[in-house]
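One structure is given here, and the rest of the page talks about it.
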Amino acid sequence: MQRLLSSMCLIHVFGKIFCLFERNVNPEARMNVSEIIAHWKYTGEEYEVVTDDGYILLINRIPHGINTNSSGPKTVVYCQHGLFSTAGVWVANPPNNSLAFVLADAGYDVWMGNSRGSTWAKKHVNLTTDSEEFWAFSYDEMIKYDLPATIDFILKKTGQKQIYYFGHSQGTLIALGAFATNQQLAEKIKIAFLLAPIATVKHVKGTGRSPAYFTPETFKLLFGEKEFLPTVAFSKLSEYVCNIKVLNAGCAALLGSLNGYAPKQLNMSRVDVYVKLSLAGTSVQILLHYSQAIKKGVFQAYDWGSPSQNMLHYNQITPPLYNVEDVKVPIAMWTGDKDFLANPNDVANLVPKISNLMYHKNIPDFSHLDFIVGLNAREEVFNEILTLLAKSK
C-alpha cells in the first residue's frame with residue numbers, strides 16, 4: 001500500500017493528497033528504553049532504585065558498546081533527562097547520533113535515570129498513582145532524594161568512587177541544586193556536563209511560560225493536583241499521529257513552541273520518537289514550582305504559599321535559595337541562542353555564578369532539544385564531550 005501511494009504521488013498531481021497521509025513509522029516510538037537498546041543490538045540492563053521517601057525509579061544501563069570489550073571495569077557516566085522527558089531521550093536517535101550509544105561505543109559504562117513521575121518511574125513502596133500524595137513533589141524532591149539515591153546505587157554497583165554526570169534541562173537544575181546543598185554527593189562527581197543548563201527561568205519563552213499565567217488556584221482547578229495529564233495524553237497519541245506526514249508538522253510545531261525553533265536541526269522523520277520520549281509525565285506541583293520560579297526569577301525551593309507553611313517545611317518564612325556559587329564540581333556546558341527554556345538571558349545570569357566553569361560553548365542555531373537529538377549534535381557537542389572526557393582521565 002505504501003508503494004502504491006508513493007507511485008500515485010509521482011504520476012498524478014492529486015496523488016500528493018495521499019502522500020500526506022503516508023505513515024513514517026519508527027518502531028522506537030512504541031518501545032521502552034531497554035527495547036530501544038536491544039533494537040540497535042546493544043547490551044542493556046535495568047535496575048530499580050528506591051529513594052529514602054519510597055519512590056521506585058527505573059534506571060537503564062548500557063555497560064559497553066557493540067565493538068568494545070565487555071569485561072573489566074569502565075569509566076562510569078550517568079545521564080539525567082529534563083522536564084517531561086525520560087531516559088529514552090538519550091537513545092532517541094540512531095547510535096551514531098545518540099549520546100548514550102556514542103559514549104558506550106567510546107568505552108564508557110553508561111547509566112540513564114528516570115525522574116519520579118515520568119513514564120517509567122511511577123512506582124512507590126506504599127503509594128499509588130491514584131493518590132494525591134504520590135504526586136506531591138517538585139524538583140526539590142528530585143534534588144534531595146532522587147539524585148543521591150541513584151548515584152549512590154550506581155557507585156555501589158560499579159565499585160567506582162566517582163562518576164561523570166550528564167544533565168539536560170531539568171537534569172542540569174537538579175544537579176546544580178544537589179551539588180550546591182549536598183557536598184558529599186558533589187564529591188562523587190568528577191565533571192558535570194550540562195546541556196541547555198537551567199537555574200533561573202525568569203526569561204523562559206514559548207509555551208513553557210504558560211504556567212506563570214495562572215494563579216495556583218486556577219492551575220489546580222484546571223489540571224488537578226496529581227499528574228499533569230496533557231503531556232501524557234499527547235505522548236500516547238504521538239505514535240499514531242506524529243508519523244502521519246500531514247500531522248507530523250503539527251507535532252514538530254508543538255516541540256518548537258516548547259523548546260525553540262531551529263528547523264535545520266530537527267530530523268522530521270523521527271518526530272514521533274521525540275514526542276514519545278520527550279513529553280512524558282510529571283506532577284502538577286512541579287509546574288507550579290516553575291511558575292513561581294518564572295515570576296520570582298530566583299532559584300529556590302517550593303513556596304508553600306504562606307509564611308506559616310514555609311516555616312513548617314523549612315523552619316523559615318521564605319523558601320531557601322539554591323546557591324549555585326556553592327557548587328564546586330567542575331562544569332562544562334553547552335548553550336544555544338534559539339533555546340526558549342534555557343534562555344540566553346538566564347544563561348547570562350548563571351555563568352558568573354559558576355566558580356569552576358572549565359568549558360562553555362554557545363551554539364547560535366541550537367534550541368533546547370538540539371543538544372541531544374539535533375542533526376548536528378554529534379559534531380557540535382558529542383565529539384567535544386569525548387575530547388574533554390579523554391583529557392580528564
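By convention here, the chains of the C-alpha cells are called A, B, ... in the order presented, each chain's residues are numbered starting at 1, and ligands are numbered starting at 1 in the order presented.
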Inset, instruction - Find the spatial neighbours of region 54-59 of chain A, counting only C-alpha atoms, within a cut-off of 6 Å - ignore same-chain residues fewer than 5 positions away - and output them as a list in words. - result: Glu46, Tyr47, Glu48, Val49, Met112, Gly113, Ala121, Lys123, His124 and Val125 of chain A
Output C-alpha atoms for every residue in the selection just made, as a PDB file, in the first residue's frame.
ATOM      1  CA  GLU A  46      17.532  -2.442  34.057  1.00  0.00           C
ATOM      2  CA  TYR A  47      17.624  -1.727  37.782  1.00  0.00           C
ATOM      3  CA  GLU A  48      15.263  -0.214  40.315  1.00  0.00           C
ATOM      4  CA  VAL A  49      16.400   2.388  42.822  1.00  0.00           C
ATOM      5  CA  MET A 112      20.408   6.680  32.406  1.00  0.00           C
ATOM      6  CA  GLY A 113      17.998   7.753  35.139  1.00  0.00           C
ATOM      7  CA  ALA A 121       9.158   5.921  37.352  1.00  0.00           C
ATOM      8  CA  LYS A 123       6.010   3.241  41.431  1.00  0.00           C
ATOM      9  CA  HIS A 124       6.214   3.705  45.195  1.00  0.00           C
ATOM     10  CA  VAL A 125       6.627   1.293  48.068  1.00  0.00           C
TER      11      VAL A 125
END
If you take only C-alpha atoms and a cut-off of 12 Å, which residues of region 242-335 of chain A touch region 188-207 of chain A, and what are their nearest atom pairs and distances in Å to one decimal, in chain and number order, as a tab-separated table?
residue	atom	partner	partner_atom	distance
A:Ala253	CA	A:Thr207	CA	11.1
A:Leu254	CA	A:Thr207	CA	8.8
A:Leu255	CA	A:Thr207	CA	9.5
A:Gly256	CA	A:Gly206	CA	8.4
A:Ser257	CA	A:Gly206	CA	5.3
A:Leu258	CA	A:Thr207	CA	5.1
A:Asn259	CA	A:Gly206	CA	7.6
A:Gly260	CA	A:Gly206	CA	7.4
A:Tyr261	CA	A:Gly206	CA	9.9
A:His289	CA	A:Val201	CA	10.9
A:Tyr290	CA	A:Val201	CA	7.7
A:Ser291	CA	A:Val201	CA	9.1
A:Gln292	CA	A:Lys202	CA	9.4
A:Ala293	CA	A:Val201	CA	6.2
A:Ile294	CA	A:Lys202	CA	4.3
A:Lys295	CA	A:Lys202	CA	6.5
A:Lys296	CA	A:Lys202	CA	7.1
A:Gly297	CA	A:Lys202	CA	4.5
A:Val298	CA	A:Thr200	CA	5.4
A:Phe299	CA	A:Thr200	CA	5.2
A:Gln300	CA	A:Thr200	CA	8.8
A:Ala301	CA	A:Ala199	CA	11.7
A:Leu321	CA	A:Ala199	CA	11.0
A:Tyr322	CA	A:Ala199	CA	8.8
A:Asn323	CA	A:Ala199	CA	9.7
A:Val324	CA	A:Ala199	CA	8.1
A:Glu325	CA	A:Ala199	CA	11.5
A:Val327	CA	A:Ala192	CA	10.5
A:Lys328	CA	A:Ile189	CA	9.9
A:Val329	CA	A:Ile191	CA	6.2
A:Pro330	CA	A:Ile191	CA	5.0
A:Ile331	CA	A:Ala192	CA	4.9
A:Ala332	CA	A:Phe193	CA	4.9
A:Met333	CA	A:Leu194	CA	4.5
A:Trp334	CA	A:Leu195	CA	5.1
A:Thr335	CA	A:Ala196	CA	5.1
Legend entry - Surrounding residues of region 75-87 of chain A excluding itself and chain neighbours under 6 positions, 6 Å, only C-alpha atoms, as number ranges by chain: A: 108-114, 163-171, 277-281
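Distances to Asn67 (chain A) were evaluated for A:Trp90, A:Phe137, A:Phe101, A:Phe382 using only C-alpha atoms, and the minimum falls at A:Phe101.
Of the listed residues (A:Gly72, A:Pro319, A:Asn362, A:Asn343), A:Gly72 comes nearest to Gly159 (chain A); the distances count only C-alpha atoms.
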Inset, instruction - as a VMD selection string, list the residues of region 64-262 of chain A assigned to strand (DSSP E or B) by DSSP on the backbone atoms of this structure. - result: chain A and resid 76 to 80 109 to 113 123 to 124 163 to 168 189 to 195 227 244
Expected file contents, prior selection, N, CA, C and O atoms, as a short mmCIF file (atom, residue, chain, number, x, y, z; two decimals), in the first residue's frame:
data_model
loop_
_atom_site.label_atom_id
_atom_site.label_comp_id
_atom_site.auth_asym_id
_atom_site.auth_seq_id
_atom_site.Cartn_x
_atom_site.Cartn_y
_atom_site.Cartn_z
N VAL A 76 32.50 5.31 34.47
CA VAL A 76 31.04 5.38 34.55
C VAL A 76 30.55 6.78 34.23
O VAL A 76 31.07 7.78 34.74
N VAL A 77 29.51 6.86 33.39
CA VAL A 77 28.83 8.13 33.11
C VAL A 77 27.35 7.96 33.42
O VAL A 77 26.78 6.89 33.22
N TYR A 78 26.75 9.02 33.92
CA TYR A 78 25.33 8.99 34.28
C TYR A 78 24.61 10.13 33.59
O TYR A 78 25.06 11.28 33.61
N CYS A 79 23.46 9.84 32.96
CA CYS A 79 22.69 10.81 32.18
C CYS A 79 21.33 11.04 32.82
O CYS A 79 20.59 10.07 33.08
N GLN A 80 20.98 12.32 33.05
CA GLN A 80 19.70 12.66 33.68
C GLN A 80 18.89 13.58 32.77
O GLN A 80 19.35 14.64 32.38
N ASP A 109 30.81 3.09 30.55
CA ASP A 109 29.70 2.38 31.17
C ASP A 109 28.59 3.39 31.38
O ASP A 109 28.70 4.27 32.25
N VAL A 110 27.53 3.31 30.60
CA VAL A 110 26.53 4.37 30.53
C VAL A 110 25.27 4.02 31.32
O VAL A 110 24.67 2.96 31.11
N TRP A 111 24.88 4.91 32.22
CA TRP A 111 23.66 4.76 33.01
C TRP A 111 22.73 5.93 32.70
O TRP A 111 23.17 7.06 32.52
N MET A 112 21.41 5.65 32.70
CA MET A 112 20.41 6.68 32.41
C MET A 112 19.29 6.60 33.44
O MET A 112 18.71 5.54 33.64
N GLY A 113 19.00 7.73 34.08
CA GLY A 113 18.00 7.75 35.14
C GLY A 113 16.64 8.25 34.67
O GLY A 113 16.52 8.89 33.63
N LYS A 123 6.23 4.24 40.38
CA LYS A 123 6.01 3.24 41.43
C LYS A 123 6.50 3.78 42.77
O LYS A 123 7.42 4.60 42.83
N HIS A 124 5.87 3.29 43.84
CA HIS A 124 6.21 3.70 45.19
C HIS A 124 6.00 2.50 46.11
O HIS A 124 5.15 1.64 45.83
N ILE A 163 31.88 9.44 39.34
CA ILE A 163 31.31 9.26 38.02
C ILE A 163 31.29 10.61 37.31
O ILE A 163 31.46 11.66 37.92
N TYR A 164 31.05 10.57 36.00
CA TYR A 164 30.80 11.77 35.21
C TYR A 164 29.29 11.95 35.09
O TYR A 164 28.56 11.00 34.83
N TYR A 165 28.85 13.18 35.25
CA TYR A 165 27.42 13.48 35.24
C TYR A 165 27.05 14.22 33.96
O TYR A 165 27.72 15.18 33.56
N PHE A 166 25.96 13.77 33.33
CA PHE A 166 25.41 14.46 32.17
C PHE A 166 23.97 14.84 32.47
O PHE A 166 23.15 13.98 32.82
N GLY A 167 23.66 16.12 32.33
CA GLY A 167 22.29 16.57 32.55
C GLY A 167 21.80 17.40 31.40
O GLY A 167 22.57 18.15 30.78
N HIS A 168 20.52 17.26 31.09
CA HIS A 168 19.88 18.11 30.09
C HIS A 168 18.71 18.82 30.73
O HIS A 168 17.90 18.20 31.45
N ILE A 189 31.26 13.37 41.99
CA ILE A 189 31.17 13.76 40.58
C ILE A 189 32.50 14.32 40.12
O ILE A 189 33.03 15.27 40.70
N LYS A 190 33.06 13.73 39.06
CA LYS A 190 34.34 14.20 38.56
C LYS A 190 34.16 15.45 37.70
O LYS A 190 34.87 16.45 37.87
N ILE A 191 33.23 15.41 36.76
CA ILE A 191 32.87 16.57 35.94
C ILE A 191 31.36 16.49 35.67
O ILE A 191 30.82 15.41 35.45
N ALA A 192 30.71 17.65 35.69
CA ALA A 192 29.30 17.72 35.31
C ALA A 192 29.20 18.37 33.94
O ALA A 192 29.66 19.50 33.75
N PHE A 193 28.63 17.64 32.99
CA PHE A 193 28.41 18.15 31.64
C PHE A 193 26.95 18.60 31.54
O PHE A 193 26.04 17.77 31.65
N LEU A 194 26.74 19.89 31.35
CA LEU A 194 25.39 20.45 31.39
C LEU A 194 24.98 20.91 30.00
O LEU A 194 25.60 21.79 29.41
N LEU A 195 23.91 20.31 29.49
CA LEU A 195 23.39 20.63 28.16
C LEU A 195 22.09 21.41 28.33
O LEU A 195 21.16 20.95 28.97
N GLU A 227 -1.12 14.09 38.48
CA GLU A 227 -0.26 14.12 37.31
C GLU A 227 -0.74 15.19 36.33
O GLU A 227 -1.94 15.42 36.18
N ILE A 244 2.23 10.47 10.69
CA ILE A 244 1.45 10.79 9.50
C ILE A 244 1.93 12.15 9.00
O ILE A 244 1.93 13.13 9.74
#
